[in-house]
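Shown next: start_26.txt, containing compact mmCIF, C-alpha atoms.
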```
# COMPACT_ATOMS: atom_id res chain seq x y z
CA MET I 22 0.00 0.00 0.00
CA ARG I 23 1.30 3.47 -0.91
CA SER I 24 1.93 5.87 1.94
CA PRO I 25 -0.77 8.51 2.41
CA VAL I 26 0.17 12.00 1.27
CA ARG I 27 0.31 14.42 4.18
CA GLU I 28 1.06 17.70 2.45
CA LEU I 29 -0.70 20.87 1.43
CA PRO I 30 -2.42 21.03 -1.93
CA ALA I 31 -1.64 23.70 -4.49
CA PHE I 32 -4.31 25.99 -5.96
CA VAL I 33 -4.71 29.17 -7.99
CA LEU I 34 -5.85 32.41 -6.33
CA PRO I 35 -7.12 34.92 -8.91
CA GLY I 36 -6.34 38.60 -8.52
CA SER I 37 -4.33 39.99 -5.62
CA TRP I 38 -3.96 37.91 -2.45
CA GLY I 39 -1.46 38.27 0.38
CA ARG I 40 -0.10 35.44 2.50
CA VAL I 41 -0.05 35.92 6.29
CA ASP I 42 2.87 34.25 8.06
CA LEU I 43 1.32 32.11 10.82
CA SER I 44 4.61 30.94 12.31
CA SER I 45 4.23 33.30 15.32
CA ASP I 46 2.00 36.08 16.66
CA ASP I 47 4.63 38.68 15.79
CA SER I 48 5.10 37.46 12.23
CA ALA I 49 1.35 37.33 11.67
CA SER I 50 0.88 40.88 12.99
CA ALA I 51 3.77 42.18 10.89
CA THR I 52 2.54 40.64 7.64
CA ILE I 53 -1.02 41.81 8.30
CA ARG I 54 0.20 45.39 8.83
CA GLY I 55 2.13 45.20 5.58
CA LEU I 56 -0.79 43.77 3.62
CA VAL I 57 -3.24 46.35 4.96
CA SER I 58 -0.88 49.23 4.19
CA ARG I 59 -0.49 47.92 0.65
CA VAL I 60 -4.26 47.69 0.18
CA ALA I 61 -5.45 50.83 1.99
CA GLY I 62 -2.40 53.06 1.61
CA ARG I 63 -0.71 55.10 4.31
CA ALA I 64 -2.69 58.34 4.06
CA ASP I 65 -4.05 59.75 7.31
CA GLN I 66 -7.63 59.70 6.00
CA ALA I 67 -7.39 55.92 5.57
CA ALA I 68 -6.44 55.30 9.21
CA THR I 69 -9.92 54.09 10.20
CA LEU I 70 -10.10 51.76 7.20
CA ARG I 71 -6.66 50.34 8.02
CA ALA I 72 -7.66 49.75 11.64
CA GLU I 73 -10.83 47.92 10.65
CA LEU I 74 -9.05 45.78 8.07
CA ARG I 75 -6.29 44.88 10.53
CA ALA I 76 -8.87 43.96 13.17
CA ASN I 77 -10.89 41.81 10.77
CA ILE I 78 -7.91 39.95 9.37
CA LYS I 79 -6.13 39.58 12.71
CA GLU I 80 -9.13 38.05 14.46
CA ILE I 81 -9.76 35.49 11.71
CA ALA I 82 -6.04 34.74 11.33
CA GLU I 83 -5.67 34.17 15.08
CA GLN I 84 -8.66 31.83 15.09
CA ALA I 85 -7.22 29.96 12.12
CA ARG I 86 -3.78 29.71 13.74
CA SER I 87 -5.28 28.46 17.02
CA ALA I 88 -7.22 25.83 15.09
CA GLY I 89 -4.04 24.61 13.40
CA ALA I 90 -4.18 26.31 9.99
CA ARG I 91 -1.08 25.74 7.89
CA GLU I 92 -1.65 28.64 5.47
CA PHE I 93 -3.67 31.87 5.58
CA TYR I 94 -4.37 34.30 2.74
CA PHE I 95 -6.15 37.64 2.47
CA ALA I 96 -7.74 38.85 -0.78
CA ALA I 97 -7.47 42.50 -1.78
CA GLU I 98 -8.98 42.37 -5.27
CA ILE I 99 -9.91 39.78 -7.88
CA ALA I 100 -9.14 42.07 -10.82
CA PRO I 101 -7.98 45.69 -11.23
CA LEU I 102 -10.55 48.03 -9.66
CA VAL I 103 -12.62 45.07 -8.36
CA PRO I 104 -11.88 45.09 -4.62
CA ILE I 105 -13.03 42.29 -2.34
CA SER I 106 -12.42 41.38 1.27
CA ALA I 107 -12.02 37.65 1.84
CA THR I 108 -9.72 35.22 3.62
CA LEU I 109 -8.64 31.64 3.02
CA SER I 110 -7.35 29.30 5.72
CA VAL I 111 -5.90 25.91 4.72
CA PHE I 112 -5.79 22.97 7.12
CA LEU I 113 -4.58 19.37 7.05
CA PRO I 114 -7.22 17.70 9.28
CA GLU I 115 -6.17 14.95 11.65
CA TRP I 116 -8.05 12.09 10.01
CA ASP I 117 -6.76 8.53 9.79
CA LEU I 118 -5.24 8.73 6.31
CA ASP I 119 -3.89 5.19 6.60
CA ARG I 120 -7.49 4.00 6.83
CA LEU I 121 -8.65 6.40 4.10
CA ASP I 122 -5.92 5.08 1.82
CA GLU I 123 -7.77 1.75 1.65
CA LEU I 124 -10.96 3.37 0.33
CA GLY I 125 -12.09 4.09 -3.19
CA ILE I 126 -13.59 7.42 -4.12
CA VAL I 127 -17.19 6.32 -3.46
CA GLU I 128 -16.36 5.19 0.06
CA LEU I 129 -14.21 8.27 0.58
CA GLU I 130 -17.16 10.50 -0.33
CA SER I 131 -19.33 8.67 2.19
CA VAL I 132 -16.74 9.09 4.93
CA LEU I 133 -16.44 12.80 4.22
CA ARG I 134 -20.18 13.33 4.15
CA ALA I 135 -20.71 11.41 7.37
CA GLY I 136 -17.82 13.14 9.11
CA THR I 137 -18.92 16.65 8.24
CA SER I 138 -22.57 15.96 9.04
CA ALA I 139 -21.55 14.87 12.54
CA MET I 140 -19.80 18.17 13.30
CA ALA I 141 -21.02 20.13 16.30
CA THR I 142 -21.57 23.37 14.38
CA PRO I 143 -24.66 23.12 12.16
CA ALA I 144 -24.20 24.31 8.59
CA LEU I 145 -26.64 26.44 6.61
CA GLY I 146 -26.20 24.07 3.71
CA GLU I 147 -24.09 21.13 2.58
CA ARG I 148 -23.20 19.96 -0.88
CA THR I 149 -21.28 16.88 -1.96
CA VAL I 150 -19.74 16.65 -5.44
CA ASN I 151 -17.59 13.90 -6.94
CA VAL I 152 -15.22 13.71 -9.88
CA PRO I 153 -12.82 10.85 -10.67
CA GLU I 154 -10.46 10.36 -7.71
CA VAL I 155 -11.73 13.47 -5.87
CA ALA I 156 -14.51 14.18 -3.39
CA VAL I 157 -15.58 17.65 -2.25
CA VAL I 158 -17.98 18.54 0.54
CA ARG I 159 -18.94 22.21 0.81
CA ARG I 160 -20.50 23.59 4.00
CA ARG I 161 -21.69 27.16 4.57
CA TYR I 162 -21.97 29.10 7.82
CA ARG I 163 -22.63 32.59 9.15
CA ARG I 164 -20.96 33.90 12.28
CA VAL I 165 -19.77 37.10 13.98
CA VAL I 166 -16.18 38.27 14.36
CA ASN I 167 -15.58 39.89 17.74
CA ARG I 168 -13.33 43.00 17.59
CA GLU I 169 -13.61 44.26 21.18
CA ARG I 170 -9.84 44.36 21.68
CA GLU I 171 -9.58 46.92 18.89
CA GLY I 172 -12.51 48.96 20.21
CA LEU I 173 -14.63 48.13 17.15
CA ASP I 174 -18.10 46.69 16.76
CA PRO I 175 -18.56 43.00 15.93
CA VAL I 176 -18.89 42.25 12.22
CA PRO I 177 -21.00 39.47 10.64
CA ILE I 178 -19.28 37.24 8.10
CA PHE I 179 -20.16 34.20 6.04
CA GLN I 180 -17.86 31.18 5.92
CA VAL I 181 -17.58 28.47 3.28
CA ASP I 182 -15.64 25.30 4.13
CA TYR I 183 -14.50 22.86 1.45
CA TRP I 184 -13.37 19.40 2.52
CA VAL I 185 -11.28 18.19 -0.43
CA ALA I 186 -10.04 14.61 -0.59
CA ALA I 187 -8.55 12.17 -3.05
CA ALA I 188 -7.87 8.45 -2.92
CA HIS I 189 -4.95 6.14 -3.74
CA PRO I 190 -3.05 7.59 -1.99
CA ALA I 191 -5.31 9.35 0.50
CA ARG I 192 -5.10 13.13 0.54
CA LEU I 193 -7.24 15.46 2.61
CA ALA I 194 -7.37 19.22 3.09
CA LEU I 195 -9.83 21.76 4.45
CA MET I 196 -10.03 25.07 2.58
CA SER I 197 -12.02 27.57 4.66
CA PHE I 198 -13.04 30.88 3.06
CA SER I 199 -14.72 33.81 4.83
CA SER I 200 -15.86 37.33 3.95
CA PRO I 201 -17.82 40.18 5.57
CA MET I 202 -19.29 41.14 2.17
CA MET I 203 -22.69 39.62 2.89
CA THR I 204 -24.36 41.41 -0.04
CA TYR I 205 -22.11 39.54 -2.48
CA GLU I 206 -22.25 36.15 -0.76
CA GLU I 207 -23.55 34.18 -3.74
CA ASP I 208 -21.07 35.78 -6.14
CA LEU I 209 -18.19 35.10 -3.79
CA VAL I 210 -19.26 31.49 -3.26
CA GLU I 211 -19.00 31.07 -7.04
CA LEU I 212 -15.49 32.53 -6.87
CA PHE I 213 -14.54 30.17 -4.02
CA ASP I 214 -15.94 27.23 -6.02
CA ALA I 215 -13.75 28.23 -8.95
CA ILE I 216 -10.67 28.37 -6.73
CA VAL I 217 -11.38 24.91 -5.33
CA LYS I 218 -11.64 23.58 -8.90
CA THR I 219 -7.93 24.37 -9.34
CA THR I 220 -6.83 22.27 -6.34
CA ARG I 221 -3.89 19.97 -7.07
CA TRP I 222 -1.58 17.96 -4.90
CA PRO I 223 2.09 18.19 -5.92
CA GLY I 224 3.01 15.30 -8.18
CA ASP I 225 -0.53 14.57 -9.34
CA ASP I 226 -1.60 14.76 -12.94
CA ASP I 227 -4.77 16.63 -13.89
CA SER I 228 -6.93 13.52 -14.16
CA ARG I 229 -6.20 12.43 -10.58
CA ALA I 230 -6.31 15.68 -8.67
CA SER I 231 -8.93 18.09 -9.96
CA ALA I 232 -11.94 19.22 -7.98
CA ALA I 233 -15.02 20.26 -9.93
CA LEU I 234 -18.21 21.86 -8.66
CA SER I 235 -21.12 22.12 -11.05
```
Turn this file's structure into structure tokens for me.
Amino acid sequence: MRSPVRELPAFVLPGSWGRVDLSSDDSASATIRGLVSRVAGRADQAATLRAELRANIKEIAEQARSAGAREFYFAAEIAPLVPISATLSVFLPEWDLDRLDELGIVELESVLRAGTSAMATPALGERTVNVPEVAVVRRRYRRVVNREREGLDPVPIFQVDYWVAAAHPARLALMSFSSPMMTYEEDLVELFDAIVKTTRWPGDDDSRASAALS
């Protein structure tokens, strides 16, 4: 039996995204400050905007880091003059990949669906989609980001989690997107779907490691 692959997948992020260094609190804060300055500029009149952006990103990044995220990205725009505010956290969940490695894609889909359905936090909706050698479960949530430490009001966000897995060998990742742009939720979910479609594990060919959502 081949050894399960325990590494991060690769994917394509359209537009302008910045990576937050999660290796320590200091490195995360420093990269967030740099990203926000790049997006909002350094003019005095943008001070409030910078503070709110830093607070939003910092709170979500800290939650992601505490939960064990391996990568964290912040989106500034998807195309020139098309600004968005969204984050992506990438996790390698602690599932028994040795056991998953014995399963085919049909069984793998069932395991994913059962595992996500048993989670304590109820989802607003769940969707399971299969393609050859890949299973994807998408779950959507709404929650509130608390910004009391920065002296700012809480902000509602929507969150979209994608559990992405492949078989032979077993590969599993959680890609968790979030955004406070509630008005554009459906449009952004389409964007997140498109990003997940590009997911590849290093060393895989296109037929074995593509995720498709129809």
Set out as a tab-separated table a contact list for segment 66-90 of chain I and segment 44-57 of chain I with a cut-off of 10 Å, giving each residue of segment 66-90 of chain I that qualifies its closest atom pair and distance in Å to one decimal, counting only C-alpha atoms, ordered by chain and rising residue number.
```
residue	atom	partner	partner_atom	distance
I:Leu70	CA	I:Val57	CA	9.0
I:Arg71	CA	I:Val57	CA	6.1
I:Ala72	CA	I:Val57	CA	8.7
I:Glu73	CA	I:Val57	CA	9.6
I:Leu74	CA	I:Val57	CA	6.6
I:Arg75	CA	I:Ile53	CA	6.5
I:Ala76	CA	I:Ile53	CA	9.5
I:Ile78	CA	I:Ile53	CA	7.2
I:Lys79	CA	I:Ile53	CA	7.1
I:Ala82	CA	I:Ala49	CA	7.8
I:Glu83	CA	I:Asp46	CA	8.1
I:Arg86	CA	I:Ser44	CA	8.6
```
Smallest atom-to-atom distance to Leu193 of chain I: which of I:Phe93, I:Trp38, I:Trp116, I:Phe32, using all atoms listed in the file?
-> I:Trp116
Could you tell me how far atom CA of Asp208 of chain I lies from atom CA of Thr220 of chain I, in Å and to one decimal?
->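 Pair atom CA of Asp208 of chain I / atom CA of Thr220 of chain I returns 19.6 Å.
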Extract, using all atoms listed in the file, all DNA, RNA and protein residues at most 6 Å from Ser106 of chain I, discarding same-chain residues fewer than 3 positions from it, and format them as a PyMOL selection string.
-> chain I and resi 96-97+200
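The closest residue to Arg221 of chain I, picked from I:Ser87, I:Val185, I:Gly36, I:Asp42 and counting all atoms listed in the file, is I:Val185.
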Name the closest residue to Phe112 of chain I among the candidates I:Pro177, I:Gly172, I:Gly62, I:Pro30; distances are taken between atoms, counting all atoms listed in the file.
->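 Once distances to Phe112 of chain I are computed over all atoms listed in the file, the minimum belongs to I:Pro30.
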Any idea what the distance is between atom CA of Ala194 of chain I and atom CA of Arg163 of chain I?
->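 Distance between the two atoms: 21.2 Å.
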Can you work out the spacing between atom CA of Pro114 of chain I and atom CA of Ile99 of chain I in Å, to one decimal?
->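 Result for atom CA of Pro114 of chain I versus atom CA of Ile99 of chain I: 28.1 Å, one decimal.
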